[in-house]
Amino acid sequence: MMRLQLVKRPQHSAFFSAVSPLIALALTMIAGAIMFSVLGKNPLDALYYYFIDPLRETWSLHELAIKAAPLILIAVGLSVCFLSNNWNIGAEGQFIAGAIAGGILPVVFPDFQNVLVLPLMLIMGMIGGAAYASVPAFLKARFNTNEILTSLMLVYVAQLFLDWLVRGPWRDPGGMNFPETRDFHAFAILPELMPSAGRANWGIVFALLAAVILWFVLRKTLKGFEIRVLGQSPRAGRFAGFSASHMVMVSFLISGALAGLAGISEVSGAIGQLQPAISPGYGFTAIIVAFLGRLNPLGIVAAGFVLALSYLGGEAAQISIGLSDKAARAFQGMLLFFVLGCDTLIHYRIRLVGLSVAKTGETGAETNA
Amino acid sequence: MLESVLITIATAATPLLIAAIGELVVERSGVLNLGVEGMMVMGAVTGFGVAVTTGSPWLGVLAAILVGAAFSLLFGFLTLSLVTNQVATGLALTLLGLGVSGMIGEAFIGMPGVKLGTISIPVLSEIPYVGRFLFAQDPLFYISIVLVAGVSYFLFFTRAGLTLRSVGDNHDSAHALGIRVIAIRYAAVAFGGACAGLAGAYLSLVYTPQWIENMTAGRGWIALALVVFASWRPWRVLAGAYLFGAVSIGQLHAQVIGVSIPSQFLTALPYLATVVVLVLISRNRRLTMVNTPACLGRPFVPAR
């Protein structure tokens, strides 16, 4: 009988910090290959369609950028939350809130058409997302309410509210009763970067900008230091005069605004109208992106493309070898598991020891000493 | 009328109750498993699948319990043996569960299900007003009540229960006393997983005997909120679950009667109620401080 034993490293391993996401990816591919063979598919074919095929054509790379943009935007914001030990898991709701707030202009005031519309929409989207995120943040700061549960509950509320809007007051009057709003007019559409080559729009630029700015803030400014101190040791943070409840608001507002920007960019870019379902779970997948990127904004950019690839690969594998697109979700879940498991290597050495020695008494005595 | 309303409340409350009572034991041992939703949905899909293929709902229930427990051990291995962050790992379990169940369940969409029948106890079930509510229910209803009583007795009247609570309140002292902290936490996590699996089976074998993707619809999260609401006390979980059952049934009845409020707003009620209840409970800081297991969510690495 063997047992795992963790030995704390004197300091965290720089080697494993860099390598652990790669190990996790490799392990996920192995586990995925096993899963695909259990499903009766050739695992090599499946992996090819998942990870290589979507990268072969220019238009497909554009699609990759479209999928990566919201993931990166949301995950970069979440990294601020997670680093400061605030668990915003309601980004999906903030994404929807941003899409709704930004959608007010083109849907309710369709006659207001000029160059101001798009910038206003983007700003309103950010405000909408931030406002929606401020609810769990305020409740945590003021009443000490668990932000994990409240932010998650508000996801369901946002989804239902959007559903009501597009079936009720915002339904397209000329839309044959389909549950969708009118198409956004030309001034409300996020322009494509290279229309001749593919559909990728300005969303990916926003995402990269956000990542670079937040990387700078987190690494090079006092605010970034404050965020990390409060996350790692709230007590030390208090002694330094940092306020934890202030940080709850700041981190939630940043991540809410970025999720809202992702939401309005998605509907004004890739979709072009509001529908009952505007996100294939971006807000939740972004949690995986944030951890795969080791909560570092630049790492998150890379991780965003990996997860975007899993969405596209899921579609490609469904079309080409009839593998259910649901497999992509399972794949993403496995990836987060492996990422978290491999991160242990950064702080601990793992040893296998036999169970034969009477260990409990011995270690207990040492603890007391 | 009253009796049938009570019965429908019980069907809405029972899955919440079963999942929450399992999570209560997990949290009492100092572990926060946010993967309830994922374990529940895995229980729902296996329960349904096994019941449909074998024709026996009981085999479905058993499979759901086993799968829930096995699935929770994934979380246990990561958080207990590899000391990963419990919040993140719990989220991972939920995402994985939703993904895997969607994949497995694709074959079952639209299939007619097998319903677990009711058991009525002669004579007692004829008591006016409450007889059918208390004594002519599905078997999992009885099990849920027995679970609450059993967990309450175990935690507060047995030595093993005291040990489990001591692990949750101070794992360093418990370890120094020679208590096997990690082993006890593994057992608690597996119990929580089994309960969540059973709760999932309730959804797909009793509540709506069919498979719908994501059919747990946030119930796992509401169960987590119930544990906080109940301030980690088993009988208060029962009260909380029936309160939530009443809210969700209330909105269903309102939709049937045709109250002129959009159905989406009524459907949102249980989620909003959860937020309101959490705020009311957490406002009272002393109450939560006294009852929260002191080591909840804190990693434990035995010193050498």
# chains A, B, ... in the order shown; residues from 1 in each chain; ligands from 1

call {"tool": "select_by_dssp", "arguments": {"residues": "region 36-128 of chain A", "states": "helix (DSSP H, G or I)", "output": "PyMOL selection string"}}
result
chain A and resi 36-38+43-51+53-55+58-83+91-108+117-128

call {"tool": "residues_around", "arguments": {"residues": "region 64-72 of chain B", "least_positions_apart": "5", "cutoff": "8 Å", "atoms": "only C-alpha atoms", "output": "ChimeraX atom specification"}}
result
/B:35,39-40,42-47,93,189-198,200-201

call {"tool": "write_last_selection", "arguments": {"atoms": "all heavy atoms", "output": "compact mmCIF listing (two decimals), in the first residue's frame"}}
result
# COMPACT_ATOMS: atom_id res chain seq x y z
N GLY B 35 -18.79 21.33 -5.63
CA GLY B 35 -19.15 20.52 -6.79
C GLY B 35 -20.50 19.83 -6.69
O GLY B 35 -20.79 18.93 -7.47
N MET B 39 -22.00 16.76 -9.06
CA MET B 39 -22.24 15.40 -8.59
C MET B 39 -23.71 15.05 -8.73
O MET B 39 -24.08 13.92 -9.08
CB MET B 39 -21.82 15.28 -7.11
CG MET B 39 -20.36 15.66 -6.88
SD MET B 39 -19.83 15.42 -5.17
CE MET B 39 -20.78 16.62 -4.29
N MET B 40 -24.56 16.05 -8.50
CA MET B 40 -25.99 15.84 -8.59
C MET B 40 -26.39 15.50 -10.03
O MET B 40 -27.16 14.57 -10.27
CB MET B 40 -26.68 17.14 -8.16
CG MET B 40 -27.97 16.96 -7.43
SD MET B 40 -28.38 18.55 -6.67
CE MET B 40 -30.13 18.36 -6.57
N MET B 42 -24.53 14.29 -12.32
CA MET B 42 -24.02 12.96 -12.66
C MET B 42 -24.94 11.88 -12.10
O MET B 42 -25.19 10.87 -12.74
CB MET B 42 -22.61 12.78 -12.10
CG MET B 42 -21.52 13.51 -12.86
SD MET B 42 -21.39 13.01 -14.57
CE MET B 42 -20.72 11.35 -14.41
N GLY B 43 -25.42 12.11 -10.86
CA GLY B 43 -26.36 11.16 -10.28
C GLY B 43 -27.64 11.08 -11.10
O GLY B 43 -28.17 9.99 -11.33
N ALA B 44 -28.10 12.24 -11.57
CA ALA B 44 -29.34 12.26 -12.35
C ALA B 44 -29.19 11.45 -13.63
O ALA B 44 -30.05 10.64 -13.98
CB ALA B 44 -29.73 13.70 -12.67
N VAL B 45 -28.06 11.65 -14.32
CA VAL B 45 -27.92 10.97 -15.61
C VAL B 45 -27.67 9.48 -15.44
O VAL B 45 -28.25 8.66 -16.16
CB VAL B 45 -26.83 11.65 -16.49
CG1 VAL B 45 -25.44 11.32 -16.03
CG2 VAL B 45 -26.99 11.25 -17.94
N THR B 46 -26.86 9.09 -14.45
CA THR B 46 -26.64 7.65 -14.25
C THR B 46 -27.91 6.98 -13.74
O THR B 46 -28.24 5.88 -14.17
CB THR B 46 -25.53 7.32 -13.24
OG1 THR B 46 -25.33 8.43 -12.40
CG2 THR B 46 -24.26 6.92 -13.90
N GLY B 47 -28.58 7.66 -12.78
CA GLY B 47 -29.82 7.09 -12.25
C GLY B 47 -30.78 6.81 -13.38
O GLY B 47 -31.35 5.71 -13.50
N LEU B 93 -15.24 20.45 -10.52
CA LEU B 93 -16.09 19.26 -10.44
C LEU B 93 -17.45 19.55 -11.06
O LEU B 93 -18.02 18.71 -11.78
CB LEU B 93 -16.25 18.84 -8.98
CG LEU B 93 -16.82 17.44 -8.76
CD1 LEU B 93 -15.81 16.39 -9.19
CD2 LEU B 93 -17.22 17.23 -7.32
N VAL B 189 -16.35 13.43 2.40
CA VAL B 189 -16.54 13.86 1.01
C VAL B 189 -17.31 12.79 0.23
O VAL B 189 -18.23 13.10 -0.54
CB VAL B 189 -15.18 14.15 0.35
CG1 VAL B 189 -15.29 14.20 -1.16
CG2 VAL B 189 -14.60 15.45 0.88
N ALA B 190 -16.96 11.52 0.45
CA ALA B 190 -17.65 10.44 -0.26
C ALA B 190 -19.13 10.38 0.15
O ALA B 190 -20.01 10.17 -0.69
CB ALA B 190 -16.97 9.11 0.02
N PHE B 191 -19.39 10.59 1.44
CA PHE B 191 -20.78 10.60 1.89
C PHE B 191 -21.55 11.74 1.21
O PHE B 191 -22.67 11.56 0.72
CB PHE B 191 -20.84 10.78 3.42
CG PHE B 191 -22.24 10.88 3.96
CD1 PHE B 191 -23.04 9.75 4.08
CD2 PHE B 191 -22.76 12.11 4.32
CE1 PHE B 191 -24.34 9.86 4.56
CE2 PHE B 191 -24.06 12.22 4.81
CZ PHE B 191 -24.85 11.09 4.92
N GLY B 192 -20.93 12.91 1.16
CA GLY B 192 -21.57 14.05 0.50
C GLY B 192 -21.84 13.75 -0.97
O GLY B 192 -22.90 14.09 -1.49
N GLY B 193 -20.88 13.09 -1.62
CA GLY B 193 -21.06 12.74 -3.02
C GLY B 193 -22.19 11.75 -3.21
O GLY B 193 -23.00 11.88 -4.14
N ALA B 194 -22.26 10.76 -2.31
CA ALA B 194 -23.34 9.77 -2.40
C ALA B 194 -24.69 10.46 -2.26
O ALA B 194 -25.64 10.16 -3.00
CB ALA B 194 -23.15 8.70 -1.33
N CYS B 195 -24.78 11.38 -1.31
CA CYS B 195 -26.05 12.09 -1.10
C CYS B 195 -26.40 12.92 -2.33
O CYS B 195 -27.56 12.94 -2.78
CB CYS B 195 -25.97 13.01 0.11
SG CYS B 195 -26.02 12.12 1.67
N ALA B 196 -25.40 13.62 -2.89
CA ALA B 196 -25.68 14.43 -4.07
C ALA B 196 -26.13 13.55 -5.23
O ALA B 196 -27.06 13.91 -5.97
CB ALA B 196 -24.44 15.25 -4.46
N GLY B 197 -25.50 12.39 -5.38
CA GLY B 197 -25.91 11.46 -6.42
C GLY B 197 -27.35 11.01 -6.23
O GLY B 197 -28.15 10.97 -7.17
N LEU B 198 -27.69 10.69 -4.97
CA LEU B 198 -29.05 10.28 -4.65
C LEU B 198 -30.04 11.40 -4.97
O LEU B 198 -31.11 11.17 -5.54
CB LEU B 198 -29.13 9.90 -3.17
CG LEU B 198 -30.47 9.45 -2.63
CD1 LEU B 198 -30.94 8.19 -3.32
CD2 LEU B 198 -30.39 9.19 -1.12
N GLY B 200 -29.67 13.66 -7.17
CA GLY B 200 -29.80 13.73 -8.62
C GLY B 200 -30.75 12.65 -9.13
O GLY B 200 -31.60 12.92 -9.99
N ALA B 201 -30.62 11.45 -8.56
CA ALA B 201 -31.52 10.36 -8.97
C ALA B 201 -32.97 10.71 -8.66
O ALA B 201 -33.88 10.37 -9.41
CB ALA B 201 -31.12 9.07 -8.25

call {"tool": "atom_distance", "arguments": {"atom1": "CA of Lys220 (chain A)", "atom2": "CA of Ser251 (chain A)"}}
result
17.0 Å

call {"tool": "closest_atom_pairs", "arguments": {"of": "chain A", "to": "chain B", "cutoff": "8 Å", "atoms": "only C-alpha atoms", "output": "tab-separated table"}}
result
residue	atom	partner	partner_atom	distance
A:Leu4	CA	B:Ser81	CA	6.8
A:Gln5	CA	B:Ser81	CA	7.8
A:Leu6	CA	B:Val301	CA	7.4
A:Leu139	CA	B:Val279	CA	7.0
A:Phe143	CA	B:Arg283	CA	4.9
A:Asn144	CA	B:Ser282	CA	5.9
A:Thr145	CA	B:Ser282	CA	5.3
A:Asn146	CA	B:Leu278	CA	7.5
A:Leu149	CA	B:Ala225	CA	6.7
A:Thr150	CA	B:Val275	CA	5.5
A:Met153	CA	B:Tyr271	CA	5.3
A:Leu154	CA	B:Tyr271	CA	7.3
A:Tyr156	CA	B:Ala268	CA	7.0
A:Val157	CA	B:Ala268	CA	5.4
A:Leu160	CA	B:Gln264	CA	5.3
A:Phe161	CA	B:Gln264	CA	6.8
A:Asp163	CA	B:Gln264	CA	7.3
A:Trp164	CA	B:Gln264	CA	6.0
A:Phe284	CA	B:Leu95	CA	7.8
A:Ile288	CA	B:Ala92	CA	7.9
A:Ser324	CA	B:Met103	CA	6.9
A:Lys326	CA	B:Met103	CA	5.0
A:Ala327	CA	B:Met103	CA	5.7
A:Ala328	CA	B:Gly99	CA	7.5
A:Arg329	CA	B:Gly99	CA	4.4
A:Ala330	CA	B:Gly99	CA	4.0
A:Phe331	CA	B:Gly99	CA	7.6
A:Gln332	CA	B:Leu96	CA	7.3
A:Gly333	CA	B:Leu96	CA	4.0
A:Met334	CA	B:Leu96	CA	6.1
A:Leu336	CA	B:Ala92	CA	5.9
A:Phe337	CA	B:Ala92	CA	6.0
A:Leu340	CA	B:Thr84	CA	6.2
A:Gly341	CA	B:Leu78	CA	6.0
A:Asp343	CA	B:Thr84	CA	7.7
A:Thr344	CA	B:Leu82	CA	6.1
A:Thr360	CA	B:Gly178	CA	6.1
A:Gly361	CA	B:Gly178	CA	6.3
A:Thr363	CA	B:Arg304	CA	5.1
A:Gly364	CA	B:Ala176	CA	4.7
A:Ala365	CA	B:Ala176	CA	7.2
A:Glu366	CA	B:Arg304	CA	6.4
A:Thr367	CA	B:Ala303	CA	6.0
A:Asn368	CA	B:Ala176	CA	6.8

call {"tool": "atom_distance", "arguments": {"atom1": "CA of Gln137 (chain B)", "atom2": "CA of Thr118 (chain B)"}}
result
5.0 Å

call {"tool": "closest_residue", "arguments": {"among": "A:Lys41, A:His62, A:Lys67, A:Arg219", "to": "Thr285 (chain A)", "atoms": "only C-alpha atoms"}}
result
A:Lys67

call {"tool": "select_by_dssp", "arguments": {"residues": "region 23-204 of chain B", "states": "strand (DSSP E or B)", "output": "number ranges by chain"}}
result
B: 119-120, 136-137

call {"tool": "atom_distance", "arguments": {"atom1": "CA of Gly231 (chain A)", "atom2": "CA of Leu164 (chain B)"}}
result
29.0 Å

call {"tool": "residues_around", "arguments": {"residues": "Arg182 (chain A)", "least_positions_apart": "2", "cutoff": "10 Å", "atoms": "only C-alpha atoms", "output": "list in words"}}
result
Pro106, Val107, Val108, Pro110, Val166, Trp170, Arg171, Asp172, Pro173, Gly174, Gly175, Pro179, Glu180, Phe184, His185, Gly272, Gln273, Leu274 and Gln275 of chain A

call {"tool": "write_last_selection", "arguments": {"atoms": "C-alpha atoms", "output": "PDB file, in the first residue's frame"}}
result
ATOM      1  CA  PRO A 106     -29.842  49.719 -31.087  1.00  0.00           C
ATOM      2  CA  VAL A 107     -32.986  47.925 -29.873  1.00  0.00           C
ATOM      3  CA  VAL A 108     -35.000  50.625 -28.112  1.00  0.00           C
ATOM      4  CA  PRO A 110     -33.181  52.162 -33.546  1.00  0.00           C
ATOM      5  CA  VAL A 166     -36.358  38.962 -26.249  1.00  0.00           C
ATOM      6  CA  TRP A 170     -37.780  43.708 -27.056  1.00  0.00           C
ATOM      7  CA  ARG A 171     -39.020  41.164 -29.577  1.00  0.00           C
ATOM      8  CA  ASP A 172     -38.508  42.205 -33.178  1.00  0.00           C
ATOM      9  CA  PRO A 173     -41.921  43.502 -34.369  1.00  0.00           C
ATOM     10  CA  GLY A 174     -41.162  42.299 -37.884  1.00  0.00           C
ATOM     11  CA  GLY A 175     -39.516  39.054 -36.851  1.00  0.00           C
ATOM     12  CA  PRO A 179     -37.623  35.188 -29.836  1.00  0.00           C
ATOM     13  CA  GLU A 180     -35.017  37.713 -30.935  1.00  0.00           C
ATOM     14  CA  PHE A 184     -28.573  45.873 -34.930  1.00  0.00           C
ATOM     15  CA  HIS A 185     -28.210  48.676 -37.509  1.00  0.00           C
ATOM     16  CA  GLY A 272     -25.681  41.192 -34.422  1.00  0.00           C
ATOM     17  CA  GLN A 273     -28.845  41.027 -32.285  1.00  0.00           C
ATOM     18  CA  LEU A 274     -30.026  39.795 -28.872  1.00  0.00           C
ATOM     19  CA  GLN A 275     -31.274  36.200 -28.583  1.00  0.00           C
TER      20      GLN A 275
END

call {"tool": "residues_around", "arguments": {"residues": "Ser56 (chain B)", "least_positions_apart": "3", "cutoff": "12 Å", "atoms": "only C-alpha atoms", "output": "mmCIF file with N, CA, C and O atoms, in the first residue's frame"}}
result
data_model
loop_
_atom_site.group_PDB
_atom_site.id
_atom_site.type_symbol
_atom_site.label_atom_id
_atom_site.label_comp_id
_atom_site.auth_asym_id
_atom_site.auth_seq_id
_atom_site.Cartn_x
_atom_site.Cartn_y
_atom_site.Cartn_z
ATOM 1 N N GLY B 47 -28.578 7.656 -12.783
ATOM 2 C CA GLY B 47 -29.818 7.092 -12.253
ATOM 3 C C GLY B 47 -30.785 6.813 -13.381
ATOM 4 O O GLY B 47 -31.346 5.713 -13.502
ATOM 5 N N PHE B 48 -30.952 7.797 -14.254
ATOM 6 C CA PHE B 48 -31.887 7.645 -15.358
ATOM 7 C C PHE B 48 -31.434 6.538 -16.301
ATOM 8 O O PHE B 48 -32.199 5.638 -16.655
ATOM 9 N N GLY B 49 -30.143 6.606 -16.681
ATOM 10 C CA GLY B 49 -29.632 5.648 -17.655
ATOM 11 C C GLY B 49 -29.744 4.213 -17.168
ATOM 12 O O GLY B 49 -30.240 3.336 -17.886
ATOM 13 N N VAL B 50 -29.335 3.961 -15.939
ATOM 14 C CA VAL B 50 -29.365 2.598 -15.419
ATOM 15 C C VAL B 50 -30.812 2.130 -15.245
ATOM 16 O O VAL B 50 -31.161 0.995 -15.584
ATOM 17 N N ALA B 51 -31.675 3.034 -14.770
ATOM 18 C CA ALA B 51 -33.073 2.642 -14.583
ATOM 19 C C ALA B 51 -33.716 2.281 -15.920
ATOM 20 O O ALA B 51 -34.455 1.299 -16.024
ATOM 21 N N VAL B 52 -33.434 3.053 -16.955
ATOM 22 C CA VAL B 52 -34.058 2.802 -18.250
ATOM 23 C C VAL B 52 -33.515 1.532 -18.879
ATOM 24 O O VAL B 52 -34.273 0.710 -19.406
ATOM 25 N N THR B 53 -32.192 1.315 -18.783
ATOM 26 C CA THR B 53 -31.640 0.141 -19.456
ATOM 27 C C THR B 53 -31.955 -1.152 -18.701
ATOM 28 O O THR B 53 -32.170 -2.176 -19.326
ATOM 29 N N LEU B 59 -32.132 -0.015 -9.089
ATOM 30 C CA LEU B 59 -30.745 -0.127 -9.551
ATOM 31 C C LEU B 59 -30.228 1.245 -9.970
ATOM 32 O O LEU B 59 -29.065 1.583 -9.749
ATOM 33 N N GLY B 60 -31.129 2.047 -10.555
ATOM 34 C CA GLY B 60 -30.751 3.402 -10.935
ATOM 35 C C GLY B 60 -30.331 4.214 -9.731
ATOM 36 O O GLY B 60 -29.306 4.906 -9.750
ATOM 37 N N VAL B 61 -31.115 4.111 -8.665
ATOM 38 C CA VAL B 61 -30.799 4.845 -7.433
ATOM 39 C C VAL B 61 -29.436 4.418 -6.905
ATOM 40 O O VAL B 61 -28.585 5.255 -6.567
ATOM 41 N N LEU B 62 -29.229 3.114 -6.883
ATOM 42 C CA LEU B 62 -27.965 2.589 -6.357
ATOM 43 C C LEU B 62 -26.785 3.081 -7.194
ATOM 44 O O LEU B 62 -25.764 3.558 -6.661
ATOM 45 N N ALA B 63 -26.945 3.026 -8.520
ATOM 46 C CA ALA B 63 -25.868 3.474 -9.399
ATOM 47 C C ALA B 63 -25.586 4.954 -9.190
ATOM 48 O O ALA B 63 -24.425 5.386 -9.184
ATOM 49 N N GLY B 113 -39.050 7.809 -19.135
ATOM 50 C CA GLY B 113 -38.292 7.353 -17.974
ATOM 51 C C GLY B 113 -39.044 6.295 -17.181
ATOM 52 O O GLY B 113 -40.131 5.863 -17.529
ATOM 53 N N VAL B 114 -38.420 5.857 -16.109
ATOM 54 C CA VAL B 114 -39.027 4.913 -15.182
ATOM 55 C C VAL B 114 -39.239 5.680 -13.884
ATOM 56 O O VAL B 114 -38.330 6.330 -13.396
ATOM 57 N N LYS B 115 -40.439 5.613 -13.357
ATOM 58 C CA LYS B 115 -40.694 6.382 -12.141
ATOM 59 C C LYS B 115 -40.632 5.473 -10.927
ATOM 60 O O LYS B 115 -41.121 4.341 -10.955
ATOM 61 N N LEU B 116 -40.000 5.973 -9.897
ATOM 62 C CA LEU B 116 -39.967 5.242 -8.634
ATOM 63 C C LEU B 116 -41.347 5.393 -7.993
ATOM 64 O O LEU B 116 -41.809 6.518 -7.790
ATOM 65 N N GLY B 117 -42.021 4.271 -7.703
ATOM 66 C CA GLY B 117 -43.394 4.348 -7.199
ATOM 67 C C GLY B 117 -43.465 4.871 -5.778
ATOM 68 O O GLY B 117 -42.463 5.028 -5.104
ATOM 69 N N LEU B 205 -35.719 10.358 -11.488
ATOM 70 C CA LEU B 205 -36.547 9.153 -11.301
ATOM 71 C C LEU B 205 -37.864 9.447 -10.575
ATOM 72 O O LEU B 205 -38.771 8.629 -10.591
#

call {"tool": "residues_around", "arguments": {"residues": "His253 (chain B)", "least_positions_apart": "4", "cutoff": "12 Å", "atoms": "only C-alpha atoms", "output": "MDAnalysis selection string"}}
result
chainID B and resid 4:5 8:9 246:249 257:259 263 266:267

call {"tool": "residues_around", "arguments": {"residues": "region 252-261 of chain A", "least_positions_apart": "6", "cutoff": "8 Å", "atoms": "only C-alpha atoms", "output": "ChimeraX atom specification"}}
result
/A:70,73-74,76-78,80-81,86,88,91-92,94-99,122-123,125-134,137,283

call {"tool": "write_last_selection", "arguments": {"atoms": "C-alpha atoms", "output": "PDB file, in the first residue's frame"}}
result
ATOM      1  CA  PRO A  70     -14.763  36.929 -24.759  1.00  0.00           C
ATOM      2  CA  LEU A  73     -11.699  39.503 -21.625  1.00  0.00           C
ATOM      3  CA  ILE A  74     -13.651  37.709 -18.915  1.00  0.00           C
ATOM      4  CA  VAL A  76      -8.417  38.629 -17.313  1.00  0.00           C
ATOM      5  CA  GLY A  77     -11.013  40.311 -15.098  1.00  0.00           C
ATOM      6  CA  LEU A  78     -11.541  37.121 -13.122  1.00  0.00           C
ATOM      7  CA  VAL A  80      -8.038  40.161 -10.502  1.00  0.00           C
ATOM      8  CA  CYS A  81     -10.866  38.654  -8.444  1.00  0.00           C
ATOM      9  CA  ASN A  86     -12.784  37.170  -4.285  1.00  0.00           C
ATOM     10  CA  ASN A  88     -16.746  35.942  -8.720  1.00  0.00           C
ATOM     11  CA  ALA A  91     -19.290  36.314 -15.022  1.00  0.00           C
ATOM     12  CA  GLU A  92     -21.834  34.611 -17.271  1.00  0.00           C
ATOM     13  CA  GLN A  94     -22.364  39.955 -16.038  1.00  0.00           C
ATOM     14  CA  PHE A  95     -21.724  39.067 -19.679  1.00  0.00           C
ATOM     15  CA  ILE A  96     -25.490  38.980 -20.261  1.00  0.00           C
ATOM     16  CA  ALA A  97     -26.044  42.176 -18.277  1.00  0.00           C
ATOM     17  CA  GLY A  98     -23.464  43.925 -20.452  1.00  0.00           C
ATOM     18  CA  ALA A  99     -25.103  42.656 -23.616  1.00  0.00           C
ATOM     19  CA  LEU A 122     -19.516  49.600 -25.421  1.00  0.00           C
ATOM     20  CA  ILE A 123     -19.459  51.996 -22.463  1.00  0.00           C
ATOM     21  CA  GLY A 125     -22.094  47.405 -21.741  1.00  0.00           C
ATOM     22  CA  MET A 126     -19.197  47.872 -19.349  1.00  0.00           C
ATOM     23  CA  ILE A 127     -21.376  49.840 -16.962  1.00  0.00           C
ATOM     24  CA  GLY A 128     -24.077  47.172 -17.157  1.00  0.00           C
ATOM     25  CA  GLY A 129     -21.654  44.368 -16.374  1.00  0.00           C
ATOM     26  CA  ALA A 130     -20.010  46.308 -13.574  1.00  0.00           C
ATOM     27  CA  ALA A 131     -23.362  47.271 -12.074  1.00  0.00           C
ATOM     28  CA  TYR A 132     -24.500  43.657 -12.118  1.00  0.00           C
ATOM     29  CA  ALA A 133     -21.239  42.536 -10.488  1.00  0.00           C
ATOM     30  CA  SER A 134     -21.569  45.244  -7.872  1.00  0.00           C
ATOM     31  CA  ALA A 137     -19.690  42.627  -4.202  1.00  0.00           C
ATOM     32  CA  GLY A 283     -18.477  33.025 -18.287  1.00  0.00           C
TER      33      GLY A 283
END

call {"tool": "closest_residue", "arguments": {"among": "A:Thr28, A:Asn42, A:Ser233, A:Ser79", "to": "Asn296 (chain A)", "atoms": "only C-alpha atoms"}}
result
A:Ser79

call {"tool": "closest_residue", "arguments": {"among": "B:Leu32, B:Leu73, B:Ala199, B:Ile127", "to": "Phe141 (chain B)", "atoms": "only C-alpha atoms"}}
result
B:Ala199

call {"tool": "residues_around", "arguments": {"residues": "Gly241 (chain A)", "least_positions_apart": "6", "cutoff": "12 Å", "atoms": "only C-alpha atoms", "output": "compact mmCIF listing (two decimals) with C-alpha atoms, in the first residue's frame"}}
result
# COMPACT_ATOMS: atom_id res chain seq x y z
CA GLU A 226 -2.35 45.41 -2.97
CA VAL A 229 -1.21 40.87 -0.81
CA LEU A 230 -4.88 40.88 0.12
CA PRO A 234 -5.51 39.32 4.32
CA ARG A 235 -3.92 39.93 7.72
CA MET A 247 -10.86 45.37 -2.78
